[in-house]
>>> print(open('start34.cif').read())   # mmCIF, C-alpha atoms and all ligand atoms
data_upload
loop_
_atom_site.label_atom_id
_atom_site.label_comp_id
_atom_site.auth_asym_id
_atom_site.auth_seq_id
_atom_site.Cartn_x
_atom_site.Cartn_y
_atom_site.Cartn_z
CA MET S 55 -13.80 -5.63 53.67
CA PRO S 56 -10.67 -5.23 54.69
CA SER S 57 -9.32 -5.06 51.11
CA THR S 58 -11.80 -5.50 48.31
CA ILE S 59 -11.32 -4.95 44.59
CA LEU S 60 -14.34 -4.43 42.38
CA VAL S 61 -14.15 -4.88 38.60
CA GLY S 62 -16.42 -5.14 35.58
CA GLY S 63 -16.99 -8.63 34.19
CA PHE S 64 -18.31 -7.78 30.71
CA PHE S 65 -17.58 -4.77 28.45
CA GLY S 66 -17.82 -1.95 31.01
CA ASP S 67 -20.85 -0.06 32.29
CA GLU S 68 -21.97 -2.99 34.43
CA GLY S 69 -23.09 -0.65 37.18
CA LYS S 70 -19.81 -0.56 39.10
CA GLY S 71 -20.32 3.04 40.23
CA LYS S 72 -23.57 2.27 41.98
CA ILE S 73 -22.20 -0.87 43.69
CA ILE S 74 -19.07 0.98 44.84
CA ALA S 75 -21.16 3.82 46.21
CA TYR S 76 -23.35 1.35 48.11
CA LEU S 77 -20.32 -0.50 49.51
CA ALA S 78 -18.67 2.77 50.51
CA LYS S 79 -21.77 3.92 52.40
CA HIS S 80 -22.51 0.54 53.93
CA ASP S 81 -19.05 -0.84 54.77
CA GLU S 82 -17.45 2.54 55.60
CA PRO S 83 -13.95 1.90 54.22
CA VAL S 84 -11.23 4.28 55.38
CA VAL S 85 -9.88 4.49 51.82
CA VAL S 86 -11.57 4.26 48.44
CA ALA S 87 -8.98 4.10 45.66
CA ARG S 88 -9.45 4.14 41.96
CA GLY S 89 -7.50 1.99 39.54
CA GLY S 90 -8.14 1.58 35.81
CA VAL S 91 -7.32 3.48 32.67
CA GLY S 92 -8.47 7.07 33.21
CA PRO S 93 -11.27 9.48 32.30
CA ASN S 94 -12.51 7.25 29.45
CA ALA S 95 -14.57 5.55 32.17
CA GLY S 96 -17.88 7.02 33.20
CA HIS S 97 -19.55 5.95 36.42
CA THR S 98 -23.06 6.93 37.37
CA VAL S 99 -24.17 7.20 40.96
CA VAL S 100 -27.68 8.13 42.10
CA VAL S 101 -28.18 9.26 45.68
CA LYS S 102 -31.64 10.30 46.83
CA GLY S 103 -32.71 11.08 43.28
CA LYS S 104 -29.64 13.17 42.45
CA GLU S 105 -27.49 11.77 39.62
CA TYR S 106 -23.69 12.14 39.60
CA ALA S 107 -21.57 11.28 36.56
CA LEU S 108 -17.91 10.70 37.41
CA ARG S 109 -14.90 10.18 35.21
CA MET S 110 -11.87 10.67 37.48
CA VAL S 111 -12.87 10.71 41.10
CA PRO S 112 -13.77 7.47 42.98
CA SER S 113 -17.51 6.73 43.14
CA GLY S 114 -17.00 6.11 46.86
CA PHE S 115 -17.04 9.89 47.36
CA VAL S 116 -20.63 9.51 48.60
CA TYR S 117 -19.25 8.18 51.90
CA LYS S 118 -18.09 11.44 53.39
CA SER S 119 -15.39 10.11 55.73
CA ALA S 120 -13.49 8.14 53.10
CA ARG S 121 -10.10 9.22 51.90
CA LEU S 122 -10.30 9.21 48.07
CA LEU S 123 -7.25 8.18 46.07
CA ILE S 124 -6.27 7.89 42.43
CA GLY S 125 -3.69 5.15 41.94
CA ALA S 126 -0.35 5.60 40.17
CA GLY S 127 -1.41 3.43 37.24
CA VAL S 128 -4.28 5.74 36.33
CA LEU S 129 -4.10 8.54 33.75
CA VAL S 130 -5.21 11.94 35.00
CA ASP S 131 -6.77 14.69 32.92
CA PRO S 132 -6.09 17.67 35.23
CA GLY S 133 -9.04 19.66 33.85
CA VAL S 134 -11.58 16.87 34.34
CA PHE S 135 -10.14 16.10 37.78
CA LYS S 136 -10.31 19.69 39.03
CA ARG S 137 -13.87 20.16 37.77
CA GLU S 138 -15.03 17.03 39.60
CA VAL S 139 -13.20 17.99 42.79
CA SER S 140 -15.01 21.30 42.90
CA SER S 141 -18.43 20.08 41.81
CA PHE S 142 -18.44 17.24 44.36
CA GLY S 143 -16.84 19.34 47.10
CA ILE S 144 -14.15 16.79 47.97
CA LYS S 145 -11.09 19.02 48.17
CA GLY S 146 -9.14 18.11 51.31
CA ARG S 147 -9.83 14.38 51.12
CA VAL S 148 -8.82 13.46 47.59
CA GLY S 149 -5.27 12.50 46.66
CA VAL S 150 -3.49 11.79 43.38
CA ASP S 151 -0.42 9.60 43.27
CA ARG S 152 2.57 11.66 42.18
CA ARG S 153 3.34 9.10 39.47
CA CYS S 154 0.01 9.17 37.64
CA GLY S 155 0.41 9.71 33.89
CA ILE S 156 -0.96 12.96 32.48
CA ILE S 157 -3.34 13.40 29.57
CA GLU S 158 -2.38 16.42 27.48
CA GLU S 159 -4.52 18.36 24.98
CA GLU S 160 -2.51 16.81 22.16
CA HIS S 161 -3.45 13.31 23.35
CA ILE S 162 -7.13 14.20 23.20
CA ALA S 163 -6.75 15.72 19.74
CA GLU S 164 -4.89 12.63 18.59
CA ASP S 165 -7.51 10.29 20.07
CA LYS S 166 -10.36 12.22 18.47
CA GLY S 167 -8.70 12.77 15.15
CA ASP S 168 -6.91 9.51 14.61
CA ALA S 169 -8.68 7.39 12.02
CA HIS S 170 -7.59 4.23 13.78
CA LEU S 171 -8.65 4.89 17.35
CA LYS S 172 -11.80 6.95 17.00
CA GLY S 173 -12.89 5.71 13.62
CA LYS S 174 -11.90 2.08 13.67
CA ILE S 175 -12.19 0.95 17.28
CA GLY S 176 -14.52 3.70 18.49
CA SER S 177 -12.40 5.05 21.36
CA THR S 178 -14.04 7.46 23.77
CA GLY S 179 -11.81 10.28 22.49
CA SER S 180 -10.67 11.12 26.01
CA GLY S 181 -6.96 10.90 25.17
CA CYS S 182 -6.25 7.74 27.15
CA GLY S 183 -4.78 5.60 24.36
CA PRO S 184 -2.29 8.24 23.14
CA ALA S 185 -1.40 9.18 26.76
CA ASN S 186 -0.64 5.56 27.63
CA ALA S 187 1.41 5.30 24.43
CA ALA S 188 3.39 8.40 25.47
CA ARG S 189 3.87 6.85 28.89
CA VAL S 190 5.29 3.68 27.36
CA PHE S 191 7.58 5.79 25.18
CA ARG S 192 8.79 7.47 28.40
CA LYS S 193 7.82 10.92 27.21
CA SER S 194 4.73 11.49 29.37
CA ARG S 195 4.49 14.01 32.18
CA GLN S 196 3.62 12.70 35.62
CA ALA S 197 1.23 14.27 38.13
CA LYS S 198 4.18 15.69 40.06
CA ASP S 199 5.08 17.80 37.00
CA VAL S 200 1.70 19.54 36.95
CA LYS S 201 1.40 22.67 39.08
CA ALA S 202 -2.40 22.49 39.28
CA LEU S 203 -2.15 19.09 40.96
CA ALA S 204 0.52 20.00 43.55
CA GLU S 205 -1.88 20.26 46.48
CA PHE S 206 -3.32 16.78 45.78
CA LEU S 207 -0.10 14.80 45.43
CA CYS S 208 0.50 11.77 47.64
CA ASP S 209 1.90 8.26 47.76
CA VAL S 210 -1.14 6.02 47.21
CA PRO S 211 0.51 2.61 47.90
CA GLN S 212 1.99 3.94 51.14
CA GLU S 213 -1.40 5.21 52.35
CA ILE S 214 -3.26 2.05 51.37
CA ASN S 215 -0.76 -0.40 52.79
CA GLU S 216 -0.61 1.56 56.06
CA ALA S 217 -4.41 1.49 56.25
CA LEU S 218 -4.32 -2.30 55.75
CA ASP S 219 -1.63 -2.64 58.44
CA ARG S 220 -4.06 -0.98 60.84
CA GLY S 221 -6.82 -3.38 59.80
CA SER S 222 -8.86 -0.64 58.11
CA GLY S 223 -11.15 -1.28 55.17
CA VAL S 224 -9.89 -0.41 51.69
CA LEU S 225 -12.09 -0.48 48.63
CA VAL S 226 -10.45 -0.50 45.20
CA GLU S 227 -12.59 0.63 42.35
CA GLY S 228 -11.82 -0.83 38.95
CA THR S 229 -13.00 0.73 35.71
CA GLN S 230 -13.94 -0.53 32.23
CA GLY S 231 -14.65 -4.24 31.84
CA PHE S 232 -13.05 -7.59 31.14
CA GLY S 233 -14.00 -7.68 27.45
CA ILE S 234 -12.12 -4.45 26.68
CA SER S 235 -8.92 -5.46 28.45
CA LEU S 236 -5.87 -4.80 26.27
CA VAL S 237 -4.60 -8.25 27.25
CA TYR S 238 -7.69 -10.46 27.60
CA GLY S 239 -10.33 -8.59 25.62
CA THR S 240 -11.39 -8.52 21.99
CA TYR S 241 -8.15 -7.02 20.63
CA PRO S 242 -7.81 -4.63 18.81
CA PHE S 243 -11.24 -3.39 19.95
CA VAL S 244 -10.04 -2.77 23.47
CA THR S 245 -8.88 -0.03 25.80
CA SER S 246 -5.21 0.80 26.34
CA LYS S 247 -4.56 -1.34 29.43
CA ASP S 248 -5.50 -4.56 31.16
CA THR S 249 -8.76 -4.23 33.11
CA THR S 250 -8.64 -7.27 35.41
CA ALA S 251 -8.41 -7.28 39.20
CA SER S 252 -4.66 -7.91 39.18
CA GLN S 253 -4.17 -4.74 37.16
CA MET S 254 -6.31 -2.76 39.60
CA ALA S 255 -4.19 -4.02 42.51
CA ALA S 256 -1.04 -2.97 40.65
CA ASP S 257 -2.57 0.42 39.78
CA VAL S 258 -3.07 1.33 43.43
CA GLY S 259 0.02 -0.49 44.70
CA ILE S 260 -1.21 -3.45 46.69
CA GLY S 261 0.43 -6.83 46.20
CA PRO S 262 -1.64 -9.90 45.28
CA THR S 263 -1.20 -11.39 48.76
CA ARG S 264 -2.96 -8.42 50.33
CA VAL S 265 -6.22 -8.71 48.43
CA ASP S 266 -9.04 -10.31 50.43
CA ASP S 267 -12.00 -10.13 48.07
CA VAL S 268 -12.60 -9.61 44.38
CA ILE S 269 -16.13 -8.64 43.40
CA VAL S 270 -16.90 -9.02 39.71
CA VAL S 271 -19.93 -7.08 38.52
CA PHE S 272 -22.08 -8.59 35.80
CA LYS S 273 -25.02 -6.99 34.13
CA SER S 274 -28.10 -9.17 33.49
CA PHE S 275 -28.14 -7.79 29.94
CA PRO S 276 -24.51 -6.99 29.01
CA THR S 277 -23.81 -3.88 26.90
CA ARG S 278 -21.01 -2.67 24.71
CA VAL S 279 -20.21 0.83 23.43
CA GLY S 280 -17.94 1.38 20.47
CA GLU S 281 -16.85 -1.19 17.94
CA GLY S 282 -15.87 -4.82 18.34
CA PRO S 283 -17.29 -8.32 18.59
CA PHE S 284 -20.23 -8.92 20.88
CA GLU S 285 -21.31 -12.54 20.62
CA THR S 286 -24.63 -12.30 22.41
CA GLN S 287 -25.75 -8.95 20.97
CA MET S 288 -29.51 -8.77 20.37
CA GLU S 289 -31.44 -7.02 17.61
CA GLU S 290 -32.16 -3.36 18.34
CA GLU S 291 -35.89 -4.05 18.03
CA LYS S 292 -35.72 -6.60 20.80
CA ALA S 293 -33.94 -4.21 23.17
CA ALA S 294 -36.58 -1.61 22.35
CA GLU S 295 -39.36 -4.09 23.11
CA LEU S 296 -37.77 -4.92 26.44
CA HIS S 297 -37.33 -1.17 27.17
CA ILE S 298 -33.66 -1.59 27.96
CA GLU S 299 -32.00 1.00 25.72
CA GLU S 300 -28.96 2.75 27.20
CA TYR S 301 -26.63 5.63 26.37
CA GLY S 302 -22.96 6.06 27.36
CA THR S 303 -22.03 8.24 30.36
CA VAL S 304 -18.95 9.75 28.68
CA THR S 305 -19.82 9.77 24.99
CA ARG S 306 -23.67 9.59 25.04
CA ARG S 307 -23.41 6.95 22.33
CA LYS S 308 -26.13 4.34 22.19
CA ARG S 309 -24.98 1.14 23.86
CA ARG S 310 -25.33 -2.19 22.08
CA ILE S 311 -27.29 -4.62 24.23
CA GLY S 312 -26.92 -8.37 24.54
CA GLU S 313 -28.11 -11.48 26.29
CA TRP S 314 -26.34 -13.05 29.28
CA ASP S 315 -23.06 -14.62 28.12
CA ALA S 316 -22.36 -17.67 30.29
CA LYS S 317 -19.04 -18.50 28.67
CA MET S 318 -17.65 -15.00 28.98
CA ALA S 319 -18.89 -14.71 32.57
CA ALA S 320 -17.13 -17.93 33.56
CA TYR S 321 -13.87 -16.94 31.89
CA SER S 322 -13.88 -13.47 33.34
CA ALA S 323 -14.72 -14.69 36.86
CA MET S 324 -11.79 -17.09 36.55
CA ILE S 325 -9.16 -14.58 35.41
CA ASN S 326 -10.35 -11.99 37.91
CA GLY S 327 -10.20 -14.54 40.73
CA ALA S 328 -13.72 -13.58 41.78
CA THR S 329 -14.74 -14.36 45.35
CA MET S 330 -18.19 -12.80 44.89
CA VAL S 331 -20.41 -11.73 42.04
CA ALA S 332 -22.49 -8.57 42.04
CA LEU S 333 -25.37 -8.80 39.60
CA SER S 334 -26.92 -5.62 38.26
CA GLY S 335 -30.04 -4.82 36.31
CA VAL S 336 -32.28 -7.67 37.48
CA ASP S 337 -35.17 -5.19 37.40
CA ARG S 338 -34.82 -5.43 33.62
CA LEU S 339 -35.54 -9.14 33.74
CA ASP S 340 -38.59 -8.52 35.86
CA ALA S 341 -39.79 -5.01 36.61
CA SER S 342 -41.64 -6.21 39.71
CA CYS S 343 -38.25 -6.56 41.45
CA ARG S 344 -37.40 -2.89 41.09
CA GLY S 345 -36.16 -1.49 44.36
CA ALA S 346 -36.18 -4.83 46.21
CA LYS S 347 -33.91 -4.98 49.26
CA GLU S 348 -34.56 -8.53 50.44
CA TYR S 349 -33.99 -11.80 48.59
CA GLU S 350 -37.54 -12.89 49.44
CA GLU S 351 -38.92 -9.93 47.49
CA LEU S 352 -37.39 -11.23 44.24
CA SER S 353 -39.57 -13.13 41.78
CA LYS S 354 -39.00 -16.77 40.85
CA GLU S 355 -37.68 -15.64 37.46
CA VAL S 356 -34.99 -13.50 39.08
CA LYS S 357 -34.12 -16.08 41.73
CA ASP S 358 -33.70 -18.68 38.97
CA PHE S 359 -31.48 -16.30 37.06
CA VAL S 360 -29.32 -15.70 40.15
CA ALA S 361 -28.95 -19.48 40.50
CA LYS S 362 -27.96 -19.71 36.83
CA VAL S 363 -25.31 -17.02 37.26
CA GLU S 364 -23.88 -18.91 40.26
CA HIS S 365 -23.89 -22.11 38.24
CA ASP S 366 -22.22 -20.47 35.22
CA THR S 367 -19.54 -18.62 37.16
CA ARG S 368 -19.14 -21.04 40.09
CA VAL S 369 -19.02 -17.98 42.33
CA PRO S 370 -21.67 -16.92 44.87
CA VAL S 371 -23.83 -13.96 43.95
CA LYS S 372 -23.69 -11.74 47.02
CA LEU S 373 -25.03 -8.42 45.78
CA ILE S 374 -28.07 -7.96 43.56
CA SER S 375 -28.76 -4.48 42.25
CA THR S 376 -32.45 -3.85 41.67
CA GLY S 377 -32.36 -0.24 40.41
CA PRO S 378 -30.06 2.74 39.92
CA GLU S 379 -30.58 4.30 43.35
CA LEU S 380 -27.86 3.50 45.89
CA SER S 381 -30.30 1.87 48.29
CA GLU S 382 -31.88 -0.43 45.67
CA ILE S 383 -29.83 -3.53 46.40
CA VAL S 384 -30.08 -6.97 47.99
CA ASP S 385 -26.98 -7.61 50.11
CA LEU S 386 -26.44 -11.29 50.87
CA ARG S 387 -22.98 -11.00 52.40
CA GLY S 388 -24.39 -11.91 55.78
CA PHE S 389 -23.55 -8.87 57.84
CA LYS S 390 -25.46 -5.63 58.26
P1 LIG V 401 -10.58 4.13 24.75
O1 LIG V 401 -10.33 3.43 26.04
O2 LIG V 401 -11.21 5.49 24.93
O3 LIG V 401 -9.38 4.14 23.87
O4 LIG V 401 -11.67 3.29 23.96
C1 LIG V 401 -11.38 1.97 23.49
C2 LIG V 401 -12.63 1.11 23.52
O5 LIG V 401 -13.00 0.86 24.88
C3 LIG V 401 -13.88 1.74 22.89
O6 LIG V 401 -14.66 0.72 22.32
C4 LIG V 401 -14.61 2.35 24.08
O7 LIG V 401 -15.99 2.49 23.82
C5 LIG V 401 -14.32 1.32 25.15
N1 LIG V 401 -14.34 1.88 26.52
C6 LIG V 401 -13.35 2.56 27.14
N2 LIG V 401 -13.70 2.87 28.39
C7 LIG V 401 -14.93 2.37 28.59
C8 LIG V 401 -15.82 2.36 29.70
O8 LIG V 401 -15.53 2.85 30.80
N3 LIG V 401 -17.01 1.74 29.51
C9 LIG V 401 -17.34 1.15 28.35
N4 LIG V 401 -16.54 1.13 27.27
C10 LIG V 401 -15.34 1.74 27.39
MG MG V 402 -19.45 3.55 32.36
#
>>> encode(input="start34.cif", output="structure tokens")
Amino acid sequence: MPSTILVGGFFGDEGKGKIIAYLAKHDEPVVVARGGVGPNAGHTVVVKGKEYALRMVPSGFVYKSARLLIGAGVLVDPGVFKREVSSFGIKGRVGVDRRCGIIEEEHIAEDKGDAHLKGKIGSTGSGCGPANAARVFRKSRQAKDVKALAEFLCDVPQEINEALDRGSGVLVEGTQGFGISLVYGTYPFVTSKDTTASQMAADVGIGPTRVDDVIVVFKSFPTRVGEGPFETQMEEEKAAELHIEEYGTVTRRKRRIGEWDAKMAAYSAMINGATMVALSGVDRLDASCRGAKEYEELSKEVKDFVAKVEHDTRVPVKLISTGPELSEIVDLRGFK
């Protein structure tokens, strides 16, 4: 810790939710804060066989003592938020910045109906694009204007910076991925905001000088949902042969699957200012590594791949996820 930002290095769905949940349980941060766009993101967390799908609430909720915060930059869908608060039983420890932008029914209708967003770029239809547009036009409501959110309102930057002043651990959870950044991604096939670590810091209100670590998560086989260029995409038949088909958490759409993209990984590690890489899905390279917790348990194939990722990104690989379950991870950060 003390302040760590975690982001996706490819096109989203790199397994951020699982890594965040592991870090929250293992490192015991006082605060887990979420940056990113909004409920277009879906994170999956598996704890002791039980699967949780989250769209609004930080994946760090699995660590029961953490204060859970949604940063001011994030869009809130009050309905989705309230449902998650009650189904995960986190009322009393979750806070929403009073300045969060609000997603209205009309934004969802616009996102789903609009021939450009849903049809052309394949948006998730969660209302994020139109809500961010309304925010830029200065006609959006903020969280403080929504009665149903009154009991959750707080000042996220104040809480986080005070926690850092005390030397407490703060984990910032990014959403989406580098390739769908509005600024650095494959425009126009992108989400409605930047998705890099600097944006996540801004979303939760910590200045660049207060960030200690940036963990960029890469998937061994990158995936992309929705439209847009995907240079290393493989034939569907090949993905089927490898048994690595996937479906989206939010939209249930089939994800396109690709090979490791060295060039993209290097560029994304650079712009994110990565200090560590977390690599997910190595069990797909070699099923014998499923569930491994020690580096020695990994096969030569996987160890060679880890070395390649370090060579390509010029960043040390410190976390290696070997399966969906929270505990299926090799942690090389050198403290237990
Ligand atoms: P929007 O963010 O819903 O407007 O969708 C814009 C594009 O970003 C579409 O291609 C979506 O599939 C993609 N996208 C948005 N959020 C995520 C995510 O969390 N994971 C993966 N793709 C996403
Ligand atoms: Mg996802």
>>> residues_near_ligand(input="start34.cif", ligand="ligand LIG 401 (chain V)", cutoff="7 Å", atoms="only C-alpha atoms and all ligand atoms", output="PyMOL selection string")
chain S and resi 65-67+94-96+171+175-183+229-231+234+243-246+278-282
>>> closest_residue(input="start34.cif", among="S:Gly221, S:Pro276, S:Gly239, S:Gly143", to="Pro83 in chain S", atoms="all atoms listed in the file")
S:Gly221
>>> atom_distance(input="start34.cif", atom1="CA of Leu203 in chain S", atom2="CA of Ala188 in chain S")
19.6 Å
>>> atom_distance(input="start34.cif", atom1="CA of Lys317 in chain S", atom2="CA of Glu68 in chain S")
16.8 Å
>>> atom_distance(input="start34.cif", atom1="CA of Val371 in chain S", atom2="CA of Leu386 in chain S")
7.9 Å
>>> axis_aligned_box(input="start34.cif", around="range 176-184 of chain S", padding_each_side="8 Å", output="lines of an AutoDock Vina configuration file")
center_x = -8.4
center_y = 7.4
center_z = 22.8
size_x = 28.2
size_y = 23.4
size_z = 24.7
>>> residues_around(input="start34.cif", residues="Leu77 in chain S", least_positions_apart="5", cutoff="9 Å", atoms="only C-alpha atoms", output="number ranges by chain")
S: 72, 82-83, 114, 225
>>> residues_around(input="start34.cif", residues="Ala251 in chain S", least_positions_apart="2", cutoff="7 Å", atoms="all atoms listed in the file", output="number ranges by chain")
S: 59, 61, 249, 253-255, 326
>>> residues_around(input="start34.cif", residues="Asn186 in chain S", least_positions_apart="4", cutoff="10 Å", atoms="all atoms listed in the file", output="PyMOL selection string")
chain S and resi 91-92+127-129+155-157+161+181-182+190-192+194+246-247
>>> decode(input="start34.cif", residues="range 74-83 of chain S", atoms="all heavy atoms", output="compact mmCIF listing (two decimals), in the first residue's frame")
# COMPACT_ATOMS: atom_id res chain seq x y z
N ILE S 74 -8.52 -6.82 -7.06
CA ILE S 74 -8.89 -5.84 -6.02
C ILE S 74 -9.38 -6.57 -4.77
O ILE S 74 -8.98 -6.24 -3.64
CB ILE S 74 -10.04 -4.93 -6.53
CG1 ILE S 74 -9.49 -3.91 -7.51
CG2 ILE S 74 -10.72 -4.22 -5.36
CD1 ILE S 74 -8.85 -2.71 -6.88
N ALA S 75 -10.23 -7.55 -4.97
CA ALA S 75 -10.77 -8.28 -3.82
C ALA S 75 -9.64 -8.97 -3.05
O ALA S 75 -9.60 -8.94 -1.82
CB ALA S 75 -11.82 -9.29 -4.29
N TYR S 76 -8.71 -9.56 -3.78
CA TYR S 76 -7.56 -10.20 -3.12
C TYR S 76 -6.76 -9.15 -2.34
O TYR S 76 -6.42 -9.36 -1.17
CB TYR S 76 -6.65 -10.90 -4.14
CG TYR S 76 -5.32 -11.26 -3.53
CD1 TYR S 76 -5.21 -12.35 -2.67
CD2 TYR S 76 -4.19 -10.47 -3.74
CE1 TYR S 76 -3.99 -12.65 -2.05
CE2 TYR S 76 -2.98 -10.76 -3.13
CZ TYR S 76 -2.89 -11.85 -2.28
OH TYR S 76 -1.70 -12.12 -1.66
N LEU S 77 -6.45 -8.03 -2.99
CA LEU S 77 -5.63 -7.00 -2.33
C LEU S 77 -6.35 -6.46 -1.10
O LEU S 77 -5.72 -6.20 -0.07
CB LEU S 77 -5.33 -5.85 -3.30
CG LEU S 77 -4.40 -6.17 -4.47
CD1 LEU S 77 -4.32 -4.98 -5.43
CD2 LEU S 77 -3.00 -6.53 -3.97
N ALA S 78 -7.66 -6.29 -1.21
CA ALA S 78 -8.43 -5.76 -0.08
C ALA S 78 -8.35 -6.73 1.11
O ALA S 78 -8.10 -6.33 2.25
CB ALA S 78 -9.88 -5.52 -0.49
N LYS S 79 -8.52 -8.00 0.84
CA LYS S 79 -8.46 -9.01 1.91
C LYS S 79 -7.05 -9.11 2.48
O LYS S 79 -6.87 -9.24 3.68
CB LYS S 79 -8.88 -10.38 1.35
CG LYS S 79 -10.36 -10.55 1.32
CD LYS S 79 -10.75 -11.64 2.29
CE LYS S 79 -12.26 -11.72 2.37
NZ LYS S 79 -12.75 -12.63 3.35
N HIS S 80 -6.07 -9.11 1.60
CA HIS S 80 -4.70 -9.37 2.02
C HIS S 80 -4.02 -8.16 2.66
O HIS S 80 -3.37 -8.26 3.69
CB HIS S 80 -3.88 -9.85 0.82
CG HIS S 80 -2.47 -10.22 1.18
ND1 HIS S 80 -1.47 -9.29 1.24
CD2 HIS S 80 -1.92 -11.41 1.50
CE1 HIS S 80 -0.35 -9.89 1.60
NE2 HIS S 80 -0.59 -11.17 1.76
N ASP S 81 -4.18 -6.99 2.04
CA ASP S 81 -3.46 -5.79 2.49
C ASP S 81 -4.26 -5.00 3.53
O ASP S 81 -3.71 -4.11 4.17
CB ASP S 81 -3.14 -4.88 1.29
CG ASP S 81 -2.21 -5.55 0.27
OD1 ASP S 81 -1.90 -6.75 0.43
OD2 ASP S 81 -1.82 -4.87 -0.69
N GLU S 82 -5.54 -5.27 3.64
CA GLU S 82 -6.42 -4.61 4.62
C GLU S 82 -6.36 -3.08 4.57
O GLU S 82 -6.05 -2.43 5.57
CB GLU S 82 -6.10 -5.14 6.03
CG GLU S 82 -6.20 -6.66 6.09
CD GLU S 82 -6.06 -7.22 7.50
OE1 GLU S 82 -5.45 -6.54 8.36
OE2 GLU S 82 -6.57 -8.32 7.74
N PRO S 83 -6.67 -2.50 3.41
CA PRO S 83 -6.71 -1.03 3.32
C PRO S 83 -7.87 -0.48 4.14
O PRO S 83 -8.91 -1.12 4.28
CB PRO S 83 -6.95 -0.77 1.83
CG PRO S 83 -7.64 -2.00 1.34
CD PRO S 83 -7.08 -3.14 2.14
